[in-house]
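K.L.:
Just passing along the structure, written as structure tokens.
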Amino acid sequence: MGKLRQYQVTLACSLGNFVTGVLYVWPSYTLHQYTSSNTTLLKEPMTEVEGSLLGSLPSLGAMVGTMLAGPVINALGRQKGGLCIAMPFVLSWLAVDLSSSSVFVLLARFVGGMACGACFVHSPVFISEIADQSIRGLLATAPMAFYCLGIFVSFVMGWTLTFKYIIWINIFFCLLYAALLMSVRESPVFLFMKNNEEEARQSIAYYKGVSPESKSVLEELSRLKQQLLPSVELVSINGDGKIEEAEKEKLNDEDNEAQNDTQKMPAYKMLLFSPTSRRAFIIVSLTVSFQVLMGMVAVQVYAKVIFSEAAPSLSSHMCSVLFALVLLLGCVSCALFSDRFGRKPLIIGSSIIVAICLSGMGVLMQTSIAPAWVTAVMILVFCFVFMFGAGSVPYVLLAELFVTEVQSLASMIVMELVWLLNFLLVGVFPFMSKALGIYGCFYIFAVFGVLDALVGIFLVPETKGLSKDQIQERLRGRRAEI
């Protein structure tokens, strides 16, 4: 029962990522309706710049949403904070449905982007605080899998439904997201941070599916005390009258004393001065940055255009749906195998193959030495391999590498970086492809695939099957080696 409740939270959080996926690729099949000279959706057609903003503004809005997400979920909680995140999604689609002004449509996209950014901070924080170690990799990958599912559903809707029906279905998904969040219980970490120890104990028991008096609940509560209140002397609560082993280490180990001093710092100081937190931040920032710069977000937003140029003889709608389906399969495969193969092999192998695929796509599109369907297949292989490792693992690391005290702040800063890069890449991509050709863009993206593989080889630690404390020890040990 406990794991089912953890899956319930994961589903509730991940539905926000699903809505984000739908929102993000919506311009791929809608842009032509707004820019057409005989458009019936607006009073006058969008300009080229406005058309570019239709795809890129959500990323700019996400930067604002990411900045606000940490304070919101820390003040209101993971459950109520999630409900606040759901509201801009609803407002965004309502505005798109009711407005005939390009300015209001773009403003709605910005507001929807705010919810996207906040959602990508909220999901890993909430999930990491309730997930058991045995299924943490699976649950941490779920938000990205649902994001890909949203992309798939969005392309299917764009292929089969009219404009109005697409908007109404999206509003329904947003309301469902809010309803699911109302059905879950608050995170024990947040409750303990608010000094509600008894409610935190009840929450731990709820998500473990055991009695509040059980040994596993009391041990988890002791662990939270040790993490969040390091200066308190902990007495054993497992009934044997002995002092906890962690408390002995705190009294006898100088390294542990230094760590405790660091734990008393504010979160921003920990990111700057704690060796493990600083190293975790560098690793996650590099992997998510290179993930964006491999160009997948540009391919998502402009999938129909890219397939039209890469494989003009094939249906661009069908190729877009296949593209989204392959993304989903790759991400689900990562969720299923990340706890078997480990994070490090997945990110290294995926990045290398992605670089090869991007280079091959560039050559095929530049020279036309093979039939169009070969290029389309190469794009689909790129999508699958990308999501199998390089596109998904960084978000698993985001949920795993940081201690509780800095998780929210680190997630916020990392996602700010991601959305900034997304905004720049999506906004610049149409002009890049005009200047360099789409094949030239693919060559540039391939370079970042190689760089990501190098980061995986030399910096990323293996976290499969490790507890939060063991991961911190691994980070500390790896730092000593380098």
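In the structure tokens, chains take letters A, B, ... by order of appearance, with residues numbered from 1 within each chain and ligands from 1 in the order shown.
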Within 9 Å of A:Phe110, counting only C-alpha atoms, which residues show up once you throw out same-chain ones fewer than 5 positions away? Write them as an MDAnalysis selection string, please.

P.N.:
chainID A and resid 54 56:62 92 105

K.L.:
Write the residues of the preceding selection, restricted to C-alpha atoms, as a CSV table (one decimal), in the first residue's frame.

P.N.:
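That gives us out.csv:
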```csv
chain,number,residue,atom,x,y,z
A,54,LEU,CA,4.8,31.7,-29.7
A,56,SER,CA,9.9,30.5,-27.1
A,57,LEU,CA,7.9,32.6,-24.6
A,58,PRO,CA,6.9,29.6,-22.4
A,59,SER,CA,10.6,29.2,-21.7
A,60,LEU,CA,10.9,32.8,-20.6
A,61,GLY,CA,7.8,32.5,-18.5
A,62,ALA,CA,9.3,29.3,-17.0
A,92,SER,CA,-3.3,30.2,-20.0
A,105,VAL,CA,-2.1,34.9,-26.9
```

K.L.:
With a distance cut-off of 7 Å and only C-alpha atoms, select the neighbouring residues of A:Val406, excluding the residue or stretch itself and same-chain residues fewer than 4 positions from it, and output the selection as number ranges by chain.

P.N.:
A: 267, 402, 410

K.L.:
Could you write those residues out with N, CA and C atoms, as a PDB file, in the first residue's frame?

P.N.:
```pdb
ATOM      1  N   ALA A 267      20.760  27.743   2.840  1.00  0.00           N
ATOM      2  CA  ALA A 267      20.904  26.889   1.655  1.00  0.00           C
ATOM      3  C   ALA A 267      21.867  27.480   0.629  1.00  0.00           C
ATOM      4  N   PHE A 402      21.380  16.098  -4.241  1.00  0.00           N
ATOM      5  CA  PHE A 402      21.385  17.189  -3.270  1.00  0.00           C
ATOM      6  C   PHE A 402      20.810  16.744  -1.925  1.00  0.00           C
ATOM      7  N   ALA A 410      18.576  24.426  -5.126  1.00  0.00           N
ATOM      8  CA  ALA A 410      19.364  23.904  -6.235  1.00  0.00           C
ATOM      9  C   ALA A 410      18.471  23.584  -7.432  1.00  0.00           C
TER      10      ALA A 410
END
```

K.L.:
Leaving out A:Gly51 and any residue of its chain fewer than 2 positions from it, which residues lie within 12 Å of it when counting only C-alpha atoms, given as a ChimeraX atom specification?

P.N.:
/A:27-28,30-36,45-49,53-57,102-103,105-106,109,301-302,426-427,430

K.L.:
I'd like to know which of A:Cys13, A:Leu459, A:Ile166, A:Val25 is closest to A:Met296, using only C-alpha atoms.

P.N.:
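Between A:Cys13, A:Leu459, A:Ile166, A:Val25, the residue approaching A:Met296 most closely is A:Val25.
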
K.L.:
Please identify every residue of stretch 296-409 of chain A that has at least one atom no farther than 12 Å from an atom of stretch 176-189 of chain A, counting only C-alpha atoms, and for each give the shortest atom pair and the distance in Å to one decimal, arranged by chain then increasing number, as a tab-separated table.

P.N.:
```
residue	atom	partner	partner_atom	distance
A:Val403	CA	A:Val189	CA	11.7
A:Thr404	CA	A:Val189	CA	8.2
A:Glu405	CA	A:Val189	CA	10.0
A:Gln407	CA	A:Val189	CA	11.3
A:Ser408	CA	A:Val189	CA	11.7
```

K.L.:
Taking into account only C-alpha atoms, which residue in the set A:Ser214, A:Ser52, A:Ser128, A:Ser37 is nearest to A:Val9?

P.N.:
A:Ser128

K.L.:
Using only C-alpha atoms, which residues sit within 7 Å of A:Ala140 once same-chain residues fewer than 6 positions away are excluded, as an mmCIF file with N, CA and C atoms, in the first residue's frame?

P.N.:
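Final output, saved to part-v8.cif:
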```cif
data_model
loop_
_atom_site.group_PDB
_atom_site.id
_atom_site.type_symbol
_atom_site.label_atom_id
_atom_site.label_comp_id
_atom_site.auth_asym_id
_atom_site.auth_seq_id
_atom_site.Cartn_x
_atom_site.Cartn_y
_atom_site.Cartn_z
ATOM 1 N N PRO A 124 10.356 16.993 -8.892
ATOM 2 C CA PRO A 124 11.464 16.231 -8.294
ATOM 3 C C PRO A 124 11.587 16.418 -6.794
ATOM 4 N N ILE A 127 8.641 14.252 -5.152
ATOM 5 C CA ILE A 127 8.863 12.823 -5.356
ATOM 6 C C ILE A 127 10.062 12.328 -4.565
ATOM 7 N N VAL A 396 17.014 12.636 -12.917
ATOM 8 C CA VAL A 396 17.193 11.683 -11.817
ATOM 9 C C VAL A 396 18.290 12.192 -10.882
ATOM 10 N N ALA A 399 17.170 14.909 -8.582
ATOM 11 C CA ALA A 399 16.403 14.446 -7.429
ATOM 12 C C ALA A 399 17.267 13.699 -6.407
#
```

K.L.:
Find the residues around A:Leu417 up to 8 Å (only C-alpha atoms counted), leave out those fewer than 2 positions away in its own chain, and share them as a PyMOL selection string.

P.N.:
chain A and resi 63+285+289+413-415+419-421

K.L.:
Filtering to N, CA and C atoms, could you give me those residues as a short mmCIF file (atom, residue, chain, number, x, y, z; two decimals), in the first residue's frame?

P.N.:
```
data_model
loop_
_atom_site.label_atom_id
_atom_site.label_comp_id
_atom_site.auth_asym_id
_atom_site.auth_seq_id
_atom_site.Cartn_x
_atom_site.Cartn_y
_atom_site.Cartn_z
N MET A 63 11.22 30.72 -16.57
CA MET A 63 12.26 31.28 -15.73
C MET A 63 11.66 32.00 -14.52
N SER A 285 24.24 20.84 -13.23
CA SER A 285 24.16 21.99 -14.15
C SER A 285 24.76 21.66 -15.51
N SER A 289 22.49 21.30 -18.90
CA SER A 289 22.81 22.29 -19.94
C SER A 289 23.14 21.61 -21.25
N ILE A 413 17.54 26.89 -9.18
CA ILE A 413 18.62 27.50 -9.97
C ILE A 413 18.89 26.69 -11.23
N VAL A 414 18.93 25.37 -11.09
CA VAL A 414 19.20 24.51 -12.24
C VAL A 414 18.11 24.67 -13.29
N MET A 415 16.85 24.69 -12.85
CA MET A 415 15.77 24.82 -13.81
C MET A 415 15.72 26.22 -14.44
N TRP A 419 15.59 26.64 -18.47
CA TRP A 419 14.59 27.41 -19.21
C TRP A 419 15.22 28.58 -19.97
N LEU A 420 16.27 29.16 -19.41
CA LEU A 420 16.98 30.22 -20.13
C LEU A 420 17.57 29.67 -21.42
N LEU A 421 18.22 28.52 -21.32
CA LEU A 421 18.80 27.90 -22.51
C LEU A 421 17.72 27.49 -23.50
#
```

K.L.:
Could you find all residues in stretch 60-240 of chain A that DSSP calls helix (DSSP H, G or I) from the backbone, and write them as a ChimeraX atom specification?

P.N.:
/A:60-76,78-98,102-130,133-160,163-182,188-193,197-208,215-228

K.L.:
Counting only C-alpha atoms, give me one row per residue of stretch 143-207 of chain A with an atom at most 10 Å from an atom of stretch 119-123 of chain A, showing the shortest contact pair and its distance in Å to one decimal, sorted by chain then residue number, as a Markdown table.

P.N.:
```
| residue | atom | partner | partner_atom | distance |
| --- | --- | --- | --- | --- |
| A:Pro143 | CA | A:Ser123 | CA | 6.9 |
| A:Met144 | CA | A:Phe120 | CA | 9.2 |
| A:Tyr147 | CA | A:Phe120 | CA | 9.9 |
```

K.L.:
As a PyMOL selection string, please: the residues near A:Asp97 (cut-off 12 Å, only C-alpha atoms, same-chain neighbours under 3 positions excluded).

P.N.:
chain A and resi 41-42+90-94+100-102+104-105+108-109+163-171

K.L.:
Can you pull out every residue within 9 Å of stretch 331-346 of chain A, counting only C-alpha atoms, but drop anything in the same chain fewer than 4 positions away, and send it as a ChimeraX atom specification?

P.N.:
/A:134-142,144-146,148,326-327,350-351,384-394,396-397,456-457,460-465

K.L.:
Could you tell me how far atom CA of A:Ile283 sits from atom CA of A:Arg476, in Å to one decimal place?

P.N.:
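The value is 13.1 Å.
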
K.L.:
Could you check which of A:Arg474, A:Arg5, A:Arg223, A:Lys434 is closest to A:Tyr207, using only C-alpha atoms?

P.N.:
A:Arg5
